[in-house]
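Working notes, structure below.
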Amino acid sequence: MLLELHARDLGVIADLTLVFAPGMTALTGETGAGKTLVVEAIELLLGGRSDPLLVRPGAGEARVEGRFVAAGHAAVAGNADRHRDGDGDGDGERILSRVVPATGRSRAYVDGRLATAGELAEIGRTLVDLHGQHAHQSLLAARTQRAALDRFGGVDLAPLIDARRRLDAVDEALAALGGDERARARELDLLRYQLDEIGAAGIAGPDEEDELEREEDLLAGAEAHRDAGEGAYRSLTEDDALGRAIAALTHHRPFEALAERSRALAAELADLASDLRHATEAVVVDPERLDTVRGRRRMLGGLRRKYGERLSDVLAFESQAKARLAELEHHGERARALEAERAMIAGEAAREAAAVAAARRRAAPGLASAVEERLRTLAMGGARFEVAVDGADPADEVTFLLGANPGEAALPLARVASGGELARAMLALRLVLGAGDDEAPGTLIFDEVDAGIGGRAALAVGQALAALDTPQVLVVTHLPQVAAFADHQVAVTKQERDGRTVAHARTLTDEDRVVELSRMLSGQPASATARDHAQELLAAAAASKGGTGAR
């Protein structure tokens, strides 16, 4: 949903900010006031083609910014104001910007970062649909038309999707087996060599290298360790200073306690010396074992360089290689089983594709008839709408065609020349398809939807726009009968300032709407008769919306 739009130096727009609310908003104003520029500003945000001629004369560049929020995050009217005041948490918000220089290439931004026009288009198609003579209409895309027909006809695609997913999985398994006999032979030789190399190493476990490192440390310093132990033992045993101290203290009553402590210390020292002697004797000087440990570590390091960062990775590789070897050695048996499974699933997928094609062909006339019925209420009584379903099963080639007038050939919607007729066809489609499309944009914009109509047809168009089940509808209109059905109305006016035309826009109050509708009705905003008629239109529109369940 579009929350806020800011445009600067765009055509007759010098500096314009508009805040939009949920529901239906009508953009009105005299011809040339700048209503279409508002729509062009939005189209630029959706990745539309930029044109330096859009830049206001005398300005270096035109800039457009839009603040959007996903429909699910702005379901109530108050959200627009809440986000504008900065009180919301911003969930789902996107800021799209476009700069069009007077010379050079345009620039695009998404949430403040540089982007391409293609990125704007990708994001924009999830947020806004422009209906009229605009490229950004999701219902012109073949995949969207196909999805619309499926939704209308309740076509269940799940079994076909599941069958195709399982078929892809079997195809991947077959490809993994290897279809080239020579390639399999080469892979078998490599796997056997790798497994022989790892197996010959006889890896004791994932921690073997750590144990070898500790052993190497002991062996490499064995002589130094032994010398240190022997020196310490000699120091403890050759100088019996403690024995002499005990002899001197014995039989002297003042030192009895100290003599006893000295004798205990002497016993502990003797134990220490004994332990030190045993520990020193346990240190083995073994150069051959040291060479063996170092060689073992080099060999394990070589395995790690080939098969994994750690020994645990090497062991995991060994396990996977054994599984792959078994798979290749039983290739024929496994391939036959997979081919049988594939044939079974392919048959299932073909049956499901045929069922989907049949369901689409059954649904097509009903959708076409429903849209034609809507078109008759939108001043297109002679229009013919067709839904073509072609292609091999599951008949994915779905095309919507429109013959706007009796005797005209029905053409794909993308080739309909009249913006007004296309917009009304899109309106009819939206009304028929209704809610339930989770991928539908939260904002629909209708430009030229009222072209060439008036009277009762205009009332029908206004009522249809108000009945759309979507969070936000913006409509550019010249007709008071259409504008009266809006929940909100924005008037675009132009003024002359310093010899130049400048566009302004403001959201109208209820009283202002009466004045604006009076202008649209008679060109005389002050006319009492026109005001009475305007109030009557607003009251009738409000009653009609209440009676039909529209907003």
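By convention here, the chains of the structure tokens are called A, B, ... in the order presented, each chain's residues are numbered starting at 1, and ligands are numbered starting at 1 in the order presented.
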Do you know which residues are at most 12 Å from Arg165 of chain A counting only C-alpha atoms, after dropping those on the same chain fewer than 3 positions away, and could you put them as a PyMOL selection string?
chain A and resi 158-162+168-172+342+345-346+348-349
Resulting file, chosen residues, N, CA and C atoms, as a PDB file, in the first residue's frame:
ATOM      1  N   ALA A 158      -1.710 -28.994  -6.736  1.00  0.00           N
ATOM      2  CA  ALA A 158      -0.821 -29.673  -5.777  1.00  0.00           C
ATOM      3  C   ALA A 158      -0.400 -31.068  -6.237  1.00  0.00           C
ATOM      4  N   PRO A 159      -1.326 -31.931  -6.724  1.00  0.00           N
ATOM      5  CA  PRO A 159      -0.882 -33.268  -7.145  1.00  0.00           C
ATOM      6  C   PRO A 159       0.117 -33.226  -8.299  1.00  0.00           C
ATOM      7  N   LEU A 160      -0.095 -32.313  -9.252  1.00  0.00           N
ATOM      8  CA  LEU A 160       0.844 -32.203 -10.370  1.00  0.00           C
ATOM      9  C   LEU A 160       2.200 -31.701  -9.889  1.00  0.00           C
ATOM     10  N   ILE A 161       2.188 -30.696  -9.031  1.00  0.00           N
ATOM     11  CA  ILE A 161       3.449 -30.152  -8.506  1.00  0.00           C
ATOM     12  C   ILE A 161       4.202 -31.239  -7.746  1.00  0.00           C
ATOM     13  N   ASP A 162       3.475 -32.018  -6.948  1.00  0.00           N
ATOM     14  CA  ASP A 162       4.125 -33.081  -6.175  1.00  0.00           C
ATOM     15  C   ASP A 162       4.716 -34.139  -7.110  1.00  0.00           C
ATOM     16  N   ASP A 168      11.563 -34.994 -10.641  1.00  0.00           N
ATOM     17  CA  ASP A 168      12.865 -34.313 -10.639  1.00  0.00           C
ATOM     18  C   ASP A 168      13.847 -35.027  -9.707  1.00  0.00           C
ATOM     19  N   ALA A 169      13.347 -35.481  -8.559  1.00  0.00           N
ATOM     20  CA  ALA A 169      14.217 -36.164  -7.601  1.00  0.00           C
ATOM     21  C   ALA A 169      14.763 -37.465  -8.196  1.00  0.00           C
ATOM     22  N   VAL A 170      13.910 -38.216  -8.905  1.00  0.00           N
ATOM     23  CA  VAL A 170      14.369 -39.456  -9.539  1.00  0.00           C
ATOM     24  C   VAL A 170      15.374 -39.146 -10.643  1.00  0.00           C
ATOM     25  N   ASP A 171      15.110 -38.100 -11.426  1.00  0.00           N
ATOM     26  CA  ASP A 171      16.045 -37.724 -12.489  1.00  0.00           C
ATOM     27  C   ASP A 171      17.408 -37.336 -11.908  1.00  0.00           C
ATOM     28  N   GLU A 172      17.391 -36.635 -10.788  1.00  0.00           N
ATOM     29  CA  GLU A 172      18.651 -36.275 -10.140  1.00  0.00           C
ATOM     30  C   GLU A 172      19.390 -37.525  -9.672  1.00  0.00           C
ATOM     31  N   ARG A 342      10.693 -44.071 -12.199  1.00  0.00           N
ATOM     32  CA  ARG A 342      10.463 -42.886 -13.034  1.00  0.00           C
ATOM     33  C   ARG A 342       9.280 -43.086 -13.976  1.00  0.00           C
ATOM     34  N   ILE A 345       6.079 -42.638 -11.979  1.00  0.00           N
ATOM     35  CA  ILE A 345       5.799 -41.242 -11.614  1.00  0.00           C
ATOM     36  C   ILE A 345       5.474 -40.419 -12.855  1.00  0.00           C
ATOM     37  N   ALA A 346       6.169 -40.689 -13.982  1.00  0.00           N
ATOM     38  CA  ALA A 346       5.888 -39.955 -15.217  1.00  0.00           C
ATOM     39  C   ALA A 346       4.451 -40.191 -15.666  1.00  0.00           C
ATOM     40  N   GLU A 348       1.976 -40.888 -13.673  1.00  0.00           N
ATOM     41  CA  GLU A 348       1.153 -40.145 -12.714  1.00  0.00           C
ATOM     42  C   GLU A 348       1.153 -38.659 -13.056  1.00  0.00           C
ATOM     43  N   ALA A 349       2.342 -38.113 -13.387  1.00  0.00           N
ATOM     44  CA  ALA A 349       2.436 -36.689 -13.741  1.00  0.00           C
ATOM     45  C   ALA A 349       1.631 -36.391 -15.000  1.00  0.00           C
TER      46      ALA A 349
END
With only C-alpha atoms as the counted atoms, please give the residues lying no more than 12 Å from Thr501 of chain A, apart from itself and same-chain residues fewer than 6 positions off, as a list of chain:residue names.
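That gives A:Asp9, A:Leu10, A:Gly11, A:Val12, A:Ile13, A:Ala14, A:Gly32, A:Ala33, A:Gly34, A:Arg56, A:Pro57, A:Thr493, A:Lys494, A:Gln495.
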Selection to disk with C-alpha atoms, as a short mmCIF file (atom, residue, chain, number, x, y, z; two decimals), in the first residue's frame:
data_model
loop_
_atom_site.label_atom_id
_atom_site.label_comp_id
_atom_site.auth_asym_id
_atom_site.auth_seq_id
_atom_site.Cartn_x
_atom_site.Cartn_y
_atom_site.Cartn_z
CA ASP A 9 10.79 19.25 -10.17
CA LEU A 10 8.65 16.81 -12.18
CA GLY A 11 6.89 18.64 -15.01
CA VAL A 12 4.58 21.26 -13.50
CA ILE A 13 5.22 19.79 -10.03
CA ALA A 14 7.73 21.94 -8.16
CA GLY A 32 -3.47 19.80 -17.34
CA ALA A 33 -3.42 20.36 -13.59
CA GLY A 34 -0.97 17.50 -13.05
CA ARG A 56 10.92 20.75 -14.74
CA PRO A 57 12.53 23.43 -16.95
CA THR A 493 -4.76 22.33 -9.04
CA LYS A 494 -2.35 24.56 -10.93
CA GLN A 495 -1.37 28.12 -10.25
#
Grab the atom CA of Leu521 of chain A to atom CA of Glu30 of chain A distance for me, in Å with one decimal place.
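Between atom CA of Leu521 of chain A and atom CA of Glu30 of chain A the gap is 11.8 Å.
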Non-local contacts of Arg531 of chain A (6 Å; only C-alpha atoms; under 3 positions in same chain excluded) as a list in words
Ser518, Ala528 and Ala534 of chain A
Proximity to Leu413 of chain A - best of A:Ala21, A:Thr399, A:Leu315, A:Ala245, only C-alpha atoms:
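Smallest separation from Leu413 of chain A among the options: A:Thr399.
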So which residues of segment 60-204 of chain A fall under alpha helix (DSSP H) by DSSP, listed as a PyMOL selection string?
chain A and resi 78-84+117-124+142-153+158-177+181-201
How many Å lie between atom CA of Arg234 of chain A and atom CA of Ala267 of chain A, rounded to one decimal?
16.6 Å
Please, what distance in Å, to one decimal, runs between atom CA of Arg374 of chain A and atom CA of Gly391 of chain A?
28.2 Å
Phe446 of chain A: which residues within 10 Å, counting only C-alpha atoms, same-chain residues fewer than 5 positions away excluded, as an mmCIF file with N, CA and C atoms, in the first residue's frame?
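The result, written out as out_28.cif:
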data_model
loop_
_atom_site.group_PDB
_atom_site.id
_atom_site.type_symbol
_atom_site.label_atom_id
_atom_site.label_comp_id
_atom_site.auth_asym_id
_atom_site.auth_seq_id
_atom_site.Cartn_x
_atom_site.Cartn_y
_atom_site.Cartn_z
ATOM 1 N N ALA A 26 -9.846 9.248 -4.869
ATOM 2 C CA ALA A 26 -10.011 9.827 -6.204
ATOM 3 C C ALA A 26 -9.083 11.020 -6.357
ATOM 4 N N VAL A 39 0.475 10.006 -11.396
ATOM 5 C CA VAL A 39 0.545 8.598 -11.805
ATOM 6 C C VAL A 39 1.903 8.299 -12.431
ATOM 7 N N ASP A 129 -0.384 -2.163 -8.814
ATOM 8 C CA ASP A 129 -0.793 -2.454 -10.181
ATOM 9 C C ASP A 129 -1.372 -1.183 -10.791
ATOM 10 N N LEU A 130 -0.821 -0.794 -11.945
ATOM 11 C CA LEU A 130 -1.317 0.376 -12.669
ATOM 12 C C LEU A 130 -2.194 -0.102 -13.817
ATOM 13 N N HIS A 131 -3.423 0.356 -13.855
ATOM 14 C CA HIS A 131 -4.345 -0.044 -14.916
ATOM 15 C C HIS A 131 -4.673 1.159 -15.792
ATOM 16 N N GLY A 132 -4.418 1.012 -17.061
ATOM 17 C CA GLY A 132 -4.603 2.087 -18.038
ATOM 18 C C GLY A 132 -3.593 1.824 -19.125
ATOM 19 N N GLN A 133 -3.007 2.853 -19.678
ATOM 20 C CA GLN A 133 -1.963 2.656 -20.689
ATOM 21 C C GLN A 133 -0.605 2.639 -19.994
ATOM 22 N N HIS A 134 -0.401 1.625 -19.189
ATOM 23 C CA HIS A 134 0.829 1.511 -18.404
ATOM 24 C C HIS A 134 1.348 0.085 -18.514
ATOM 25 N N GLY A 419 -6.587 2.854 -23.564
ATOM 26 C CA GLY A 419 -6.315 2.785 -22.134
ATOM 27 C C GLY A 419 -7.576 2.662 -21.314
ATOM 28 N N GLY A 420 -8.640 3.356 -21.720
ATOM 29 C CA GLY A 420 -9.891 3.296 -20.967
ATOM 30 C C GLY A 420 -10.518 1.915 -21.022
ATOM 31 N N LEU A 422 -8.992 -0.916 -21.674
ATOM 32 C CA LEU A 422 -8.137 -1.848 -20.944
ATOM 33 C C LEU A 422 -8.347 -1.701 -19.441
ATOM 34 N N ALA A 423 -8.431 -0.472 -18.960
ATOM 35 C CA ALA A 423 -8.628 -0.250 -17.529
ATOM 36 C C ALA A 423 -9.953 -0.848 -17.065
ATOM 37 N N ARG A 424 -11.005 -0.698 -17.876
ATOM 38 C CA ARG A 424 -12.305 -1.251 -17.463
ATOM 39 C C ARG A 424 -12.290 -2.783 -17.534
ATOM 40 N N MET A 426 -9.659 -4.582 -16.900
ATOM 41 C CA MET A 426 -8.937 -4.965 -15.692
ATOM 42 C C MET A 426 -9.833 -4.841 -14.461
ATOM 43 N N LEU A 427 -10.646 -3.793 -14.440
ATOM 44 C CA LEU A 427 -11.580 -3.610 -13.328
ATOM 45 C C LEU A 427 -12.566 -4.760 -13.273
ATOM 46 N N LEU A 465 -15.495 0.358 -8.623
ATOM 47 C CA LEU A 465 -14.212 0.678 -8.004
ATOM 48 C C LEU A 465 -14.307 0.601 -6.484
ATOM 49 N N VAL A 473 -7.221 1.662 -3.386
ATOM 50 C CA VAL A 473 -7.521 1.928 -4.792
ATOM 51 C C VAL A 473 -7.338 3.421 -5.038
ATOM 52 N N LEU A 474 -6.518 3.759 -6.035
ATOM 53 C CA LEU A 474 -6.361 5.154 -6.463
ATOM 54 C C LEU A 474 -6.911 5.267 -7.872
ATOM 55 N N VAL A 475 -7.763 6.268 -8.113
ATOM 56 C CA VAL A 475 -8.360 6.420 -9.434
ATOM 57 C C VAL A 475 -8.246 7.873 -9.873
ATOM 58 N N VAL A 476 -7.711 8.069 -11.074
ATOM 59 C CA VAL A 476 -7.651 9.402 -11.677
ATOM 60 C C VAL A 476 -8.924 9.562 -12.493
ATOM 61 N N THR A 477 -9.723 10.568 -12.191
ATOM 62 C CA THR A 477 -11.024 10.675 -12.848
ATOM 63 C C THR A 477 -11.410 12.123 -13.099
#
Can you list, as a list in words, every protein, DNA or RNA residue that comes within 9 Å of Leu459 of chain A when you count only C-alpha atoms, leaving out same-chain residues fewer than 4 positions away?
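Result of the neighbour search: Leu378, Gly454, Gly455, Gln463, Ala464, Pro480, Gln481, Val482, Ala484, Phe485 and Ala541 of chain A.
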Nearest-residue call for Leu433 of chain A, choices A:Gly47, A:Gly308, A:Gly366, A:Pro412, using only C-alpha atoms
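Closest candidate: A:Gly366.
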Write out as a list of chain:residue names the set of residues from segment 95-131 of chain A that DSSP, computed on the backbone, places in strand (DSSP E or B).
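Result set for segment 95-131 of chain A (strand (DSSP E or B)): A:Ile95, A:Leu96, A:Ser97, A:Arg98, A:Val99, A:Val100, A:Pro101, A:Arg107, A:Ala108, A:Tyr109, A:Val110, A:Arg113, A:Leu114, A:Ala115, A:Val128, A:Asp129, A:Leu130, A:His131.
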Keeping only N, CA and C atoms, write the selected residues as a short mmCIF file (atom, residue, chain, number, x, y, z; two decimals), in the first residue's frame.
data_model
loop_
_atom_site.label_atom_id
_atom_site.label_comp_id
_atom_site.auth_asym_id
_atom_site.auth_seq_id
_atom_site.Cartn_x
_atom_site.Cartn_y
_atom_site.Cartn_z
N ILE A 95 11.07 1.93 0.97
CA ILE A 95 11.23 3.28 0.43
C ILE A 95 11.84 3.14 -0.97
N LEU A 96 11.08 3.52 -1.97
CA LEU A 96 11.56 3.48 -3.35
C LEU A 96 11.80 4.90 -3.84
N SER A 97 12.91 5.12 -4.53
CA SER A 97 13.25 6.46 -5.01
C SER A 97 13.76 6.38 -6.44
N ARG A 98 13.53 7.46 -7.18
CA ARG A 98 14.00 7.54 -8.57
C ARG A 98 14.43 8.98 -8.84
N VAL A 99 15.59 9.13 -9.43
CA VAL A 99 16.11 10.45 -9.80
C VAL A 99 16.28 10.46 -11.31
N VAL A 100 15.65 11.46 -11.96
CA VAL A 100 15.74 11.59 -13.41
C VAL A 100 16.49 12.89 -13.72
N PRO A 101 17.75 12.81 -14.17
CA PRO A 101 18.50 14.04 -14.48
C PRO A 101 18.08 14.62 -15.83
N ARG A 107 18.72 7.34 -11.88
CA ARG A 107 19.23 6.54 -10.77
C ARG A 107 18.05 6.04 -9.95
N ALA A 108 18.22 4.85 -9.40
CA ALA A 108 17.16 4.24 -8.60
C ALA A 108 17.72 3.86 -7.23
N TYR A 109 16.85 3.90 -6.23
CA TYR A 109 17.25 3.56 -4.86
C TYR A 109 16.15 2.72 -4.22
N VAL A 110 16.56 1.74 -3.44
CA VAL A 110 15.64 0.93 -2.64
C VAL A 110 16.10 1.01 -1.19
N ARG A 113 19.57 2.48 -0.70
CA ARG A 113 20.75 1.95 -1.39
C ARG A 113 20.53 2.00 -2.89
N LEU A 114 21.61 2.15 -3.63
CA LEU A 114 21.53 2.18 -5.08
C LEU A 114 20.95 0.88 -5.62
N ALA A 115 20.10 1.00 -6.62
CA ALA A 115 19.48 -0.18 -7.22
C ALA A 115 19.31 0.08 -8.72
N VAL A 128 2.11 -2.54 -6.30
CA VAL A 128 1.17 -1.68 -7.04
C VAL A 128 0.87 -2.30 -8.39
N ASP A 129 -0.38 -2.16 -8.81
CA ASP A 129 -0.79 -2.45 -10.18
C ASP A 129 -1.37 -1.18 -10.79
N LEU A 130 -0.82 -0.79 -11.95
CA LEU A 130 -1.32 0.38 -12.67
C LEU A 130 -2.19 -0.10 -13.82
N HIS A 131 -3.42 0.36 -13.86
CA HIS A 131 -4.34 -0.04 -14.92
C HIS A 131 -4.67 1.16 -15.79
#
Residues within 10 Å of Ala542 of chain A, please, as a ChimeraX atom specification. Count only C-alpha atoms; anything in the same chain fewer than 2 positions from it doesn't count.
/A:463,484-487,536-540,544-547,550-551
Could you write out the selected residues, including N, CA and C atoms, as a PDB file, in the first residue's frame?
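Listed below is the output, result-v2.pdb:
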ATOM      1  N   GLN A 463     -19.153   2.670  -8.573  1.00  0.00           N
ATOM      2  CA  GLN A 463     -19.592   1.653  -7.631  1.00  0.00           C
ATOM      3  C   GLN A 463     -18.686   0.418  -7.714  1.00  0.00           C
ATOM      4  N   ALA A 484     -17.425  10.504  -6.443  1.00  0.00           N
ATOM      5  CA  ALA A 484     -18.339  10.481  -5.291  1.00  0.00           C
ATOM      6  C   ALA A 484     -18.235   9.177  -4.518  1.00  0.00           C
ATOM      7  N   PHE A 485     -17.825   8.111  -5.163  1.00  0.00           N
ATOM      8  CA  PHE A 485     -17.748   6.813  -4.485  1.00  0.00           C
ATOM      9  C   PHE A 485     -16.464   6.647  -3.681  1.00  0.00           C
ATOM     10  N   ALA A 486     -15.542   7.600  -3.793  1.00  0.00           N
ATOM     11  CA  ALA A 486     -14.257   7.471  -3.105  1.00  0.00           C
ATOM     12  C   ALA A 486     -14.415   7.708  -1.608  1.00  0.00           C
ATOM     13  N   ASP A 487     -13.545   7.047  -0.843  1.00  0.00           N
ATOM     14  CA  ASP A 487     -13.488   7.314   0.597  1.00  0.00           C
ATOM     15  C   ASP A 487     -12.727   8.606   0.869  1.00  0.00           C
ATOM     16  N   GLU A 536     -26.130  15.317  -3.327  1.00  0.00           N
ATOM     17  CA  GLU A 536     -26.982  14.183  -3.684  1.00  0.00           C
ATOM     18  C   GLU A 536     -26.132  13.007  -4.185  1.00  0.00           C
ATOM     19  N   LEU A 537     -25.099  13.325  -5.010  1.00  0.00           N
ATOM     20  CA  LEU A 537     -24.206  12.274  -5.494  1.00  0.00           C
ATOM     21  C   LEU A 537     -23.490  11.574  -4.340  1.00  0.00           C
ATOM     22  N   LEU A 538     -22.969  12.358  -3.395  1.00  0.00           N
ATOM     23  CA  LEU A 538     -22.251  11.781  -2.260  1.00  0.00           C
ATOM     24  C   LEU A 538     -23.161  10.908  -1.412  1.00  0.00           C
ATOM     25  N   ALA A 539     -24.386  11.392  -1.196  1.00  0.00           N
ATOM     26  CA  ALA A 539     -25.334  10.617  -0.384  1.00  0.00           C
ATOM     27  C   ALA A 539     -25.717   9.323  -1.090  1.00  0.00           C
ATOM     28  N   ALA A 540     -25.953   9.403  -2.403  1.00  0.00           N
ATOM     29  CA  ALA A 540     -26.324   8.211  -3.159  1.00  0.00           C
ATOM     30  C   ALA A 540     -25.171   7.207  -3.173  1.00  0.00           C
ATOM     31  N   SER A 544     -25.231   3.521  -1.654  1.00  0.00           N
ATOM     32  CA  SER A 544     -24.942   2.391  -2.529  1.00  0.00           C
ATOM     33  C   SER A 544     -23.836   1.517  -1.954  1.00  0.00           C
ATOM     34  N   LYS A 545     -22.796   2.140  -1.406  1.00  0.00           N
ATOM     35  CA  LYS A 545     -21.697   1.370  -0.816  1.00  0.00           C
ATOM     36  C   LYS A 545     -22.173   0.601   0.406  1.00  0.00           C
ATOM     37  N   GLY A 546     -23.024   1.229   1.195  1.00  0.00           N
ATOM     38  CA  GLY A 546     -23.562   0.545   2.367  1.00  0.00           C
ATOM     39  C   GLY A 546     -24.438  -0.618   1.985  1.00  0.00           C
ATOM     40  N   GLY A 547     -25.173  -0.458   0.901  1.00  0.00           N
ATOM     41  CA  GLY A 547     -26.089  -1.522   0.477  1.00  0.00           C
ATOM     42  C   GLY A 547     -25.391  -2.677  -0.183  1.00  0.00           C
ATOM     43  N   ALA A 550     -19.688  -2.570   0.111  1.00  0.00           N
ATOM     44  CA  ALA A 550     -18.392  -2.002  -0.218  1.00  0.00           C
ATOM     45  C   ALA A 550     -17.956  -1.108   0.910  1.00  0.00           C
ATOM     46  N   ARG A 551     -16.727  -0.606   0.737  1.00  0.00           N
ATOM     47  CA  ARG A 551     -16.226   0.215   1.827  1.00  0.00           C
ATOM     48  C   ARG A 551     -17.199   1.324   2.071  1.00  0.00           C
TER      49      ARG A 551
END
Using only C-alpha atoms, which of the listed residues (A:Ala428, A:Leu195, A:Ala368, A:Leu444) sits closest to Gln320 of chain A?
A:Leu195
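Counting only C-alpha atoms and comparing A:Leu517, A:Met380, A:Leu367, A:Ala248, the residue that lies closest to Asp450 of chain A is A:Met380.
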